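Structure first, then comments.
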Amino acid sequence: MPKRFRRILALFAGLIAAGGAMVAFAPLSAAQRPSRARSAAGTVGPSPIVGLIDGAAQWRQDTGMTHRMNQVLATSDAKWVREGFYWSQIEPKPGVFNFAHYDQFVTLAAERGVHVFVELYTAPRWAAPTPTSVPADPTAYAAFVAAVVARYAPGGTFWASHPNLDSSTVQTFEIWHEAYYSNGNDGHYDPGRYARLVQAAVTAGRAANPNARFLMGAEMQGQFVGSGPRRAWVWWVDALYKAVPDLNNYFDGVSVHPYGHDITHRSPAIPDQPYYGSDQMRRIEIIRQQFVAHGAAAKPFWATEVGWPTCKRGTVRCVSPAGQRKSFVTLMRYAETTWKSYVRAVFVYYYDDLGRNSANPNNDYGLIYYNHKPKLVLPAFEAFARLSPTTSPWP
């Protein structure tokens, strides 16, 4: 979400984290401990990827980035991280690519055995009116995507010059960030533009490196289109396919952000009416129904951003520290059971709180507090992260 990310960048620009004292918590109960999901036939299913969003790639290209990564890994046991590779930073001028910053980050991750899931977004000034504007002409963005995957996906040029590092460190890339929200496309709702961006970017990316895998963002977002008696409510997923009917050929999986205070209920989607379950974590099931209806049942889902803020006011999402832990464990239970046939990954937002005693609830999503003391959810995250697979999630 751009406002949060801008704040993160501002904080990280001059910040070097200090270590904090850790406190002990009671172990997880038997019902809360991670376990391999079992099907009705009793067979053991794969554990989902459990990753963390920590912003390490946006720290200074010196000891700051190294310190941040070491701290995050030592505290959380994370084996997977989600990072933004910013178009504006990599290609500040048309056709001029600077990979030095991200080369350092990928080197640090590979040396530590960490897998990196990459989001490709933040437009440079020369390519779009604002950093969050989805380009009307996807050509330049497609060229950027091709350059990144040609370098960092398995078999890329970065690995050719670093033969002692694990080239499977970076394999999966997401096209843009939350384009279905107004802040994901500078105030616009334009699923057709996003669908064409996916089509162009993935086509170019696969040509540059066939080992790369791509996710497309989706949500139960919609609006009225048309006029008079022909006006109808159109949801994001349906509109994507209307714009690009053969869309299934241009993505490998679906990225969702199932934030929600309600971790229990699941409201149905009713044709030609708005969707009222946008604060329900289980709407991931409704989103998937949209893709199944378009012949994409085999496409895996990745929950690439989800979390609960330990705040007292400011949003309906506020929970207590115990509620944060309960919500995370409940989500993981769904990932291991009800969703296990299609959910391949869960990435938690965020590693640490972004402010001290802030009135902004967006600052309070961390697994640890701003003073580096752990929240109740941290041991639960660590337990699931230890089971996270380190092999490729793709066939």
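Residue numbers start at 1 in each chain; chains themselves are named A, B, ... in the order of the structure tokens; ligands are numbered from 1 in the order shown.
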
Practice task
For Pro191 (chain A), work out the shell of residues within 12 Å, counting only C-alpha atoms and skipping chain neighbours fewer than 4 positions away, then give it as an MDAnalysis selection string.
Solution key: chainID A and resid 134 136 178:182 184:185 195:198 216:223 225 234:244

Include N, CA and C atoms and write out the residues we just selected as an mmCIF file, in the first residue's frame.
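File written: selection-v8.cif
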```cif
data_model
loop_
_atom_site.group_PDB
_atom_site.id
_atom_site.type_symbol
_atom_site.label_atom_id
_atom_site.label_comp_id
_atom_site.auth_asym_id
_atom_site.auth_seq_id
_atom_site.Cartn_x
_atom_site.Cartn_y
_atom_site.Cartn_z
ATOM 1 N N VAL A 134 -0.451 2.582 -13.177
ATOM 2 C CA VAL A 134 -0.186 1.510 -14.129
ATOM 3 C C VAL A 134 -0.023 2.137 -15.503
ATOM 4 N N ALA A 136 -0.202 3.255 -19.202
ATOM 5 C CA ALA A 136 -1.182 3.023 -20.261
ATOM 6 C C ALA A 136 -0.579 2.184 -21.383
ATOM 7 N N GLU A 178 -1.232 -4.390 -5.987
ATOM 8 C CA GLU A 178 -2.587 -3.948 -5.636
ATOM 9 C C GLU A 178 -3.190 -2.980 -6.652
ATOM 10 N N ALA A 179 -3.069 -3.317 -7.915
ATOM 11 C CA ALA A 179 -3.641 -2.458 -8.957
ATOM 12 C C ALA A 179 -5.159 -2.380 -8.863
ATOM 13 N N TYR A 180 -5.777 -3.310 -8.170
ATOM 14 C CA TYR A 180 -7.240 -3.335 -8.037
ATOM 15 C C TYR A 180 -7.749 -2.275 -7.072
ATOM 16 N N TYR A 181 -6.879 -1.677 -6.250
ATOM 17 C CA TYR A 181 -7.271 -0.588 -5.370
ATOM 18 C C TYR A 181 -6.914 0.756 -6.004
ATOM 19 N N SER A 182 -7.592 1.797 -5.553
ATOM 20 C CA SER A 182 -7.309 3.114 -6.115
ATOM 21 C C SER A 182 -5.857 3.521 -5.877
ATOM 22 N N GLY A 184 -3.410 1.622 -5.876
ATOM 23 C CA GLY A 184 -2.539 0.794 -6.685
ATOM 24 C C GLY A 184 -2.463 1.252 -8.128
ATOM 25 N N ASN A 185 -3.325 2.219 -8.507
ATOM 26 C CA ASN A 185 -3.289 2.746 -9.864
ATOM 27 C C ASN A 185 -3.670 4.223 -9.856
ATOM 28 N N ALA A 195 -4.751 -6.031 -16.927
ATOM 29 C CA ALA A 195 -4.691 -7.299 -17.654
ATOM 30 C C ALA A 195 -3.729 -7.210 -18.832
ATOM 31 N N ARG A 196 -3.766 -6.087 -19.539
ATOM 32 C CA ARG A 196 -2.851 -5.912 -20.676
ATOM 33 C C ARG A 196 -1.404 -5.748 -20.207
ATOM 34 N N LEU A 197 -1.219 -5.159 -19.015
ATOM 35 C CA LEU A 197 0.121 -5.063 -18.437
ATOM 36 C C LEU A 197 0.666 -6.458 -18.141
ATOM 37 N N VAL A 198 -0.172 -7.293 -17.534
ATOM 38 C CA VAL A 198 0.235 -8.676 -17.245
ATOM 39 C C VAL A 198 0.596 -9.404 -18.534
ATOM 40 N N MET A 216 -0.225 -12.794 -10.691
ATOM 41 C CA MET A 216 -1.095 -11.679 -11.031
ATOM 42 C C MET A 216 -1.961 -11.355 -9.818
ATOM 43 N N GLY A 217 -2.135 -10.084 -9.504
ATOM 44 C CA GLY A 217 -2.890 -9.684 -8.337
ATOM 45 C C GLY A 217 -4.397 -9.711 -8.561
ATOM 46 N N ALA A 218 -5.148 -10.107 -7.524
ATOM 47 C CA ALA A 218 -6.611 -10.173 -7.644
ATOM 48 C C ALA A 218 -7.259 -9.884 -6.300
ATOM 49 N N GLU A 219 -8.490 -9.389 -6.360
ATOM 50 C CA GLU A 219 -9.273 -9.064 -5.165
ATOM 51 C C GLU A 219 -10.747 -9.065 -5.548
ATOM 52 N N MET A 220 -11.628 -9.143 -4.561
ATOM 53 C CA MET A 220 -13.071 -9.027 -4.805
ATOM 54 C C MET A 220 -13.447 -7.559 -4.886
ATOM 55 N N GLN A 221 -12.806 -6.870 -5.803
ATOM 56 C CA GLN A 221 -13.018 -5.445 -5.984
ATOM 57 C C GLN A 221 -13.839 -5.239 -7.251
ATOM 58 N N GLY A 222 -14.690 -4.220 -7.264
ATOM 59 C CA GLY A 222 -15.516 -3.999 -8.441
ATOM 60 C C GLY A 222 -16.130 -2.620 -8.455
ATOM 61 N N GLN A 223 -16.865 -2.328 -9.539
ATOM 62 C CA GLN A 223 -17.575 -1.065 -9.630
ATOM 63 C C GLN A 223 -18.648 -1.174 -10.706
ATOM 64 N N VAL A 225 -20.334 -0.305 -14.151
ATOM 65 C CA VAL A 225 -19.886 0.123 -15.475
ATOM 66 C C VAL A 225 -21.121 0.272 -16.354
ATOM 67 N N VAL A 234 -19.457 -4.915 -12.000
ATOM 68 C CA VAL A 234 -18.445 -5.775 -12.604
ATOM 69 C C VAL A 234 -17.309 -5.979 -11.608
ATOM 70 N N TRP A 235 -16.981 -7.225 -11.346
ATOM 71 C CA TRP A 235 -15.881 -7.526 -10.438
ATOM 72 C C TRP A 235 -14.554 -7.571 -11.174
ATOM 73 N N TRP A 236 -13.488 -7.374 -10.422
ATOM 74 C CA TRP A 236 -12.137 -7.283 -10.953
ATOM 75 C C TRP A 236 -11.780 -8.479 -11.830
ATOM 76 N N VAL A 237 -11.970 -9.695 -11.327
ATOM 77 C CA VAL A 237 -11.522 -10.882 -12.052
ATOM 78 C C VAL A 237 -12.269 -11.030 -13.370
ATOM 79 N N ASP A 238 -13.583 -10.864 -13.343
ATOM 80 C CA ASP A 238 -14.362 -10.962 -14.582
ATOM 81 C C ASP A 238 -13.902 -9.922 -15.603
ATOM 82 N N ALA A 239 -13.616 -8.713 -15.126
ATOM 83 C CA ALA A 239 -13.191 -7.648 -16.033
ATOM 84 C C ALA A 239 -11.808 -7.930 -16.621
ATOM 85 N N LEU A 240 -10.927 -8.588 -15.863
ATOM 86 C CA LEU A 240 -9.619 -8.973 -16.401
ATOM 87 C C LEU A 240 -9.784 -9.873 -17.622
ATOM 88 N N TYR A 241 -10.645 -10.868 -17.475
ATOM 89 C CA TYR A 241 -10.847 -11.824 -18.564
ATOM 90 C C TYR A 241 -11.608 -11.208 -19.731
ATOM 91 N N LYS A 242 -12.450 -10.232 -19.440
ATOM 92 C CA LYS A 242 -13.139 -9.555 -20.536
ATOM 93 C C LYS A 242 -12.136 -8.800 -21.399
ATOM 94 N N ALA A 243 -11.124 -8.218 -20.750
ATOM 95 C CA ALA A 243 -10.110 -7.454 -21.483
ATOM 96 C C ALA A 243 -9.142 -8.358 -22.236
ATOM 97 N N VAL A 244 -8.772 -9.481 -21.603
ATOM 98 C CA VAL A 244 -7.826 -10.432 -22.209
ATOM 99 C C VAL A 244 -8.428 -11.831 -22.052
#
```

Problem - Close residues, Pro154 (chain A) itself excluded, 7 Å, only C-alpha atoms, min 2 positions apart in chain, as a VMD selection string - result: chain A and resid 152 156 167 to 168 170 to 171 211

Problem - helix (DSSP H, G or I) positions in region 130-358 of chain A, given as a ChimeraX atom specification - result: /A:139-152,157-160,182-184,191-208,228-230,236-243,247-250,283-293,321-336

Exercise for the section: For region 290-303 of chain A, please output as a list in words all residues within 7 Å (counting only C-alpha atoms; exclusion window: fewer than 3 positions along the same chain). Expected result: Val237, Asn248, Asp252, Gly253, Val254, Ser255, Val256, His257, Pro258, Ile286, Ile287, Val306, Tyr342, Val343, Arg344, Ala345, Val346 and Phe347 of chain A

Could you save those same residues with C-alpha atoms as a PDB file, in the first residue's frame?
```pdb
ATOM      1  CA  VAL A 237     -11.522 -10.882 -12.052  1.00  0.00           C
ATOM      2  CA  ASN A 248      -4.800 -17.930 -18.365  1.00  0.00           C
ATOM      3  CA  ASP A 252       1.374 -18.880 -13.307  1.00  0.00           C
ATOM      4  CA  GLY A 253      -0.407 -18.076 -10.063  1.00  0.00           C
ATOM      5  CA  VAL A 254      -2.628 -15.574  -8.270  1.00  0.00           C
ATOM      6  CA  SER A 255      -1.517 -13.123  -5.576  1.00  0.00           C
ATOM      7  CA  VAL A 256      -4.079 -12.144  -2.931  1.00  0.00           C
ATOM      8  CA  HIS A 257      -3.931  -9.997   0.219  1.00  0.00           C
ATOM      9  CA  PRO A 258      -6.582 -11.536   2.508  1.00  0.00           C
ATOM     10  CA  ILE A 286     -14.628 -16.398  -3.173  1.00  0.00           C
ATOM     11  CA  ILE A 287     -11.796 -14.914  -5.225  1.00  0.00           C
ATOM     12  CA  VAL A 306      -1.623 -10.457   5.237  1.00  0.00           C
ATOM     13  CA  TYR A 342      -4.432 -24.354  -3.962  1.00  0.00           C
ATOM     14  CA  VAL A 343      -2.705 -22.057  -1.424  1.00  0.00           C
ATOM     15  CA  ARG A 344       1.053 -22.409  -1.832  1.00  0.00           C
ATOM     16  CA  ALA A 345       2.383 -19.513   0.227  1.00  0.00           C
ATOM     17  CA  VAL A 346       1.612 -17.052   3.026  1.00  0.00           C
ATOM     18  CA  PHE A 347       3.666 -13.875   3.514  1.00  0.00           C
TER      19      PHE A 347
END
```

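Of the listed residues A:Gly113, A:Pro94, A:Pro309, A:Pro274, the one whose atoms come nearest to Asn70 (chain A) is A:Gly113, with distances taken using only C-alpha atoms.
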
Handout entry: Which of region 127-376 of chain A fall in strand (DSSP E), as a ChimeraX atom specification
Key = /A:170-175,213-217,222-225,232-235,253-256,301-306,343-349

Saved selection, atoms kept: C-alpha atoms, as a compact mmCIF listing (two decimals), in the first residue's frame:
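The file below, part21.txt, is the result:
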```
# COMPACT_ATOMS: atom_id res chain seq x y z
CA VAL A 170 14.78 -15.85 -6.93
CA GLN A 171 12.16 -17.49 -9.13
CA THR A 172 8.74 -15.92 -8.54
CA PHE A 173 7.74 -12.37 -9.52
CA GLU A 174 4.50 -10.43 -9.09
CA ILE A 175 3.30 -8.00 -11.72
CA ARG A 213 7.27 -17.65 -12.71
CA PHE A 214 4.73 -14.84 -12.50
CA LEU A 215 1.83 -13.95 -10.21
CA MET A 216 -1.10 -11.68 -11.03
CA GLY A 217 -2.89 -9.68 -8.34
CA GLY A 222 -15.52 -4.00 -8.44
CA GLN A 223 -17.57 -1.07 -9.63
CA PHE A 224 -20.56 -0.13 -11.76
CA VAL A 225 -19.89 0.12 -15.47
CA ALA A 232 -24.03 -3.44 -14.08
CA TRP A 233 -21.68 -4.32 -11.25
CA VAL A 234 -18.44 -5.78 -12.60
CA TRP A 235 -15.88 -7.53 -10.44
CA GLY A 253 -0.41 -18.08 -10.06
CA VAL A 254 -2.63 -15.57 -8.27
CA SER A 255 -1.52 -13.12 -5.58
CA VAL A 256 -4.08 -12.14 -2.93
CA PHE A 301 -2.80 -18.94 -4.93
CA TRP A 302 -0.19 -17.10 -2.92
CA ALA A 303 -1.31 -14.94 0.03
CA THR A 304 1.49 -12.46 -0.56
CA GLU A 305 0.48 -9.95 2.12
CA VAL A 306 -1.62 -10.46 5.24
CA VAL A 343 -2.71 -22.06 -1.42
CA ARG A 344 1.05 -22.41 -1.83
CA ALA A 345 2.38 -19.51 0.23
CA VAL A 346 1.61 -17.05 3.03
CA PHE A 347 3.67 -13.87 3.51
CA VAL A 348 3.08 -11.96 6.74
CA TYR A 349 3.11 -8.16 6.90
```

Practice task
Just give me the gap between CA of Ala123 (chain A) and CA of Ala142 (chain A) in Å, one decimal is fine.
Solution key: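 Those two atoms sit 11.9 Å apart.
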
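Comparing the minimum interatomic distances between Thr338 (chain A) and each of A:Leu376, A:Val145, A:Val319, A:Ile284, counting only C-alpha atoms, we find that A:Ile284 sits nearest.
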
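Here CA of Ala100 (chain A) stands at a distance of 14.9 Å from CA of Gly84 (chain A).
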
Practice task
Can you pull out every residue within 7 Å of region 381-390 of chain A, counting only C-alpha atoms, but drop anything in the same chain fewer than 5 positions away, and send it as a count of residues only?
Solution key: 10

Polymer residues at most 8 Å from region 356-370 of chain A, only C-alpha atoms, same-chain spacing of 5 or more positions, as a CSV table (one decimal) with N, CA and C atoms, in the first residue's frame:
```csv
chain,number,residue,atom,x,y,z
A,4,ARG,N,2.0,3.5,3.1
A,4,ARG,CA,2.8,2.7,4.0
A,4,ARG,C,4.3,2.6,3.5
A,307,GLY,N,-2.0,-9.6,7.5
A,307,GLY,CA,-1.5,-9.3,8.8
A,307,GLY,C,-2.6,-8.6,9.6
A,308,TRP,N,-2.4,-8.4,10.9
A,308,TRP,CA,-3.3,-7.8,11.8
A,308,TRP,C,-2.6,-6.8,12.7
A,309,PRO,N,-3.1,-5.6,12.8
A,309,PRO,CA,-2.4,-4.6,13.7
A,309,PRO,C,-2.8,-4.7,15.1
A,310,THR,N,-1.8,-4.6,16.0
A,310,THR,CA,-2.1,-4.6,17.5
A,310,THR,C,-2.3,-3.2,17.9
A,311,CYS,N,-3.4,-2.6,17.5
A,311,CYS,CA,-3.8,-1.3,17.8
A,311,CYS,C,-5.1,-1.3,18.6
A,313,ARG,N,-7.3,1.6,18.2
A,313,ARG,CA,-8.3,2.4,17.5
A,313,ARG,C,-7.7,2.8,16.1
A,314,GLY,N,-8.6,3.3,15.2
A,314,GLY,CA,-8.1,3.7,13.9
A,314,GLY,C,-8.6,2.9,12.8
A,315,THR,N,-8.9,1.6,13.1
A,315,THR,CA,-9.4,0.7,12.0
A,315,THR,C,-10.1,-0.5,12.7
A,318,CYS,N,-8.0,-3.6,14.1
A,318,CYS,CA,-7.3,-3.6,15.4
A,318,CYS,C,-7.6,-4.9,16.2
A,349,TYR,N,2.8,-9.6,6.8
A,349,TYR,CA,3.1,-8.2,6.9
A,349,TYR,C,3.0,-7.8,8.4
A,350,TYR,N,4.0,-7.5,9.1
A,350,TYR,CA,5.3,-7.0,8.7
A,350,TYR,C,6.3,-7.5,9.8
A,351,TYR,N,7.6,-7.4,9.6
A,351,TYR,CA,8.5,-7.8,10.6
A,351,TYR,C,8.4,-7.1,11.9
A,375,LYS,N,6.2,-9.8,20.0
A,375,LYS,CA,4.8,-9.9,20.3
A,375,LYS,C,4.5,-11.4,20.5
A,376,LEU,N,3.3,-11.6,20.9
A,376,LEU,CA,2.9,-13.0,21.2
A,376,LEU,C,2.8,-13.9,19.9
A,377,VAL,N,2.7,-13.2,18.8
A,377,VAL,CA,2.6,-14.0,17.5
A,377,VAL,C,3.9,-14.5,17.0
A,378,LEU,N,5.0,-13.9,17.5
A,378,LEU,CA,6.3,-14.3,17.0
A,378,LEU,C,6.7,-15.8,17.1
```

Practice task
May I have the residues within 8 Å of Ala57 (chain A) as a ChimeraX atom specification, using only C-alpha atoms and disregarding those fewer than 3 positions away in the same chain?
Solution key: /A:65,83-85,102,105

Exercise for the section: Rounded to one decimal place, report the CA of Arg317 (chain A)-CA of Ala380 (chain A) distance in Å. Expected result: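 Spanning CA of Arg317 (chain A) to CA of Ala380 (chain A) is a straight-line distance of 19.7 Å.
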
Practice task
Pick out the residues sitting within 9 Å of region 263-265 of chain A, and hand them over as a VMD selection string; count only C-alpha atoms, and ignore anything fewer than 5 positions along from it in its own chain.
Solution key: chain A and resid 277 279 to 283 327 330 to 331

Selection file, N, CA and C atoms, as a short mmCIF file (atom, residue, chain, number, x, y, z; two decimals), in the first residue's frame:
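For reference, out.cif as written:
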```cif
data_model
loop_
_atom_site.label_atom_id
_atom_site.label_comp_id
_atom_site.auth_asym_id
_atom_site.auth_seq_id
_atom_site.Cartn_x
_atom_site.Cartn_y
_atom_site.Cartn_z
N GLY A 277 -18.05 -8.80 1.66
CA GLY A 277 -17.17 -9.53 2.55
C GLY A 277 -15.73 -9.08 2.49
N ASP A 279 -13.90 -7.48 4.43
CA ASP A 279 -13.12 -7.57 5.67
C ASP A 279 -13.06 -9.00 6.19
N GLN A 280 -13.36 -9.95 5.32
CA GLN A 280 -13.33 -11.36 5.71
C GLN A 280 -12.08 -12.03 5.14
N MET A 281 -11.29 -12.62 6.00
CA MET A 281 -10.09 -13.33 5.56
C MET A 281 -10.43 -14.44 4.57
N ARG A 282 -11.57 -15.07 4.76
CA ARG A 282 -11.93 -16.22 3.92
C ARG A 282 -12.46 -15.82 2.54
N ARG A 283 -12.46 -14.55 2.22
CA ARG A 283 -12.87 -14.17 0.86
C ARG A 283 -11.90 -14.72 -0.18
N SER A 327 -5.34 -14.96 15.03
CA SER A 327 -5.70 -14.77 13.63
C SER A 327 -4.67 -15.42 12.71
N THR A 330 -5.03 -19.20 12.85
CA THR A 330 -6.23 -19.61 12.14
C THR A 330 -6.01 -19.60 10.64
N LEU A 331 -5.36 -18.55 10.13
CA LEU A 331 -5.05 -18.50 8.71
C LEU A 331 -4.19 -19.70 8.30
#
```

Practice task
Could you check which of A:Arg125, A:His372, A:Lys340, A:His261 is closest to Asp353 (chain A), using only C-alpha atoms?
Solution key: A:His372
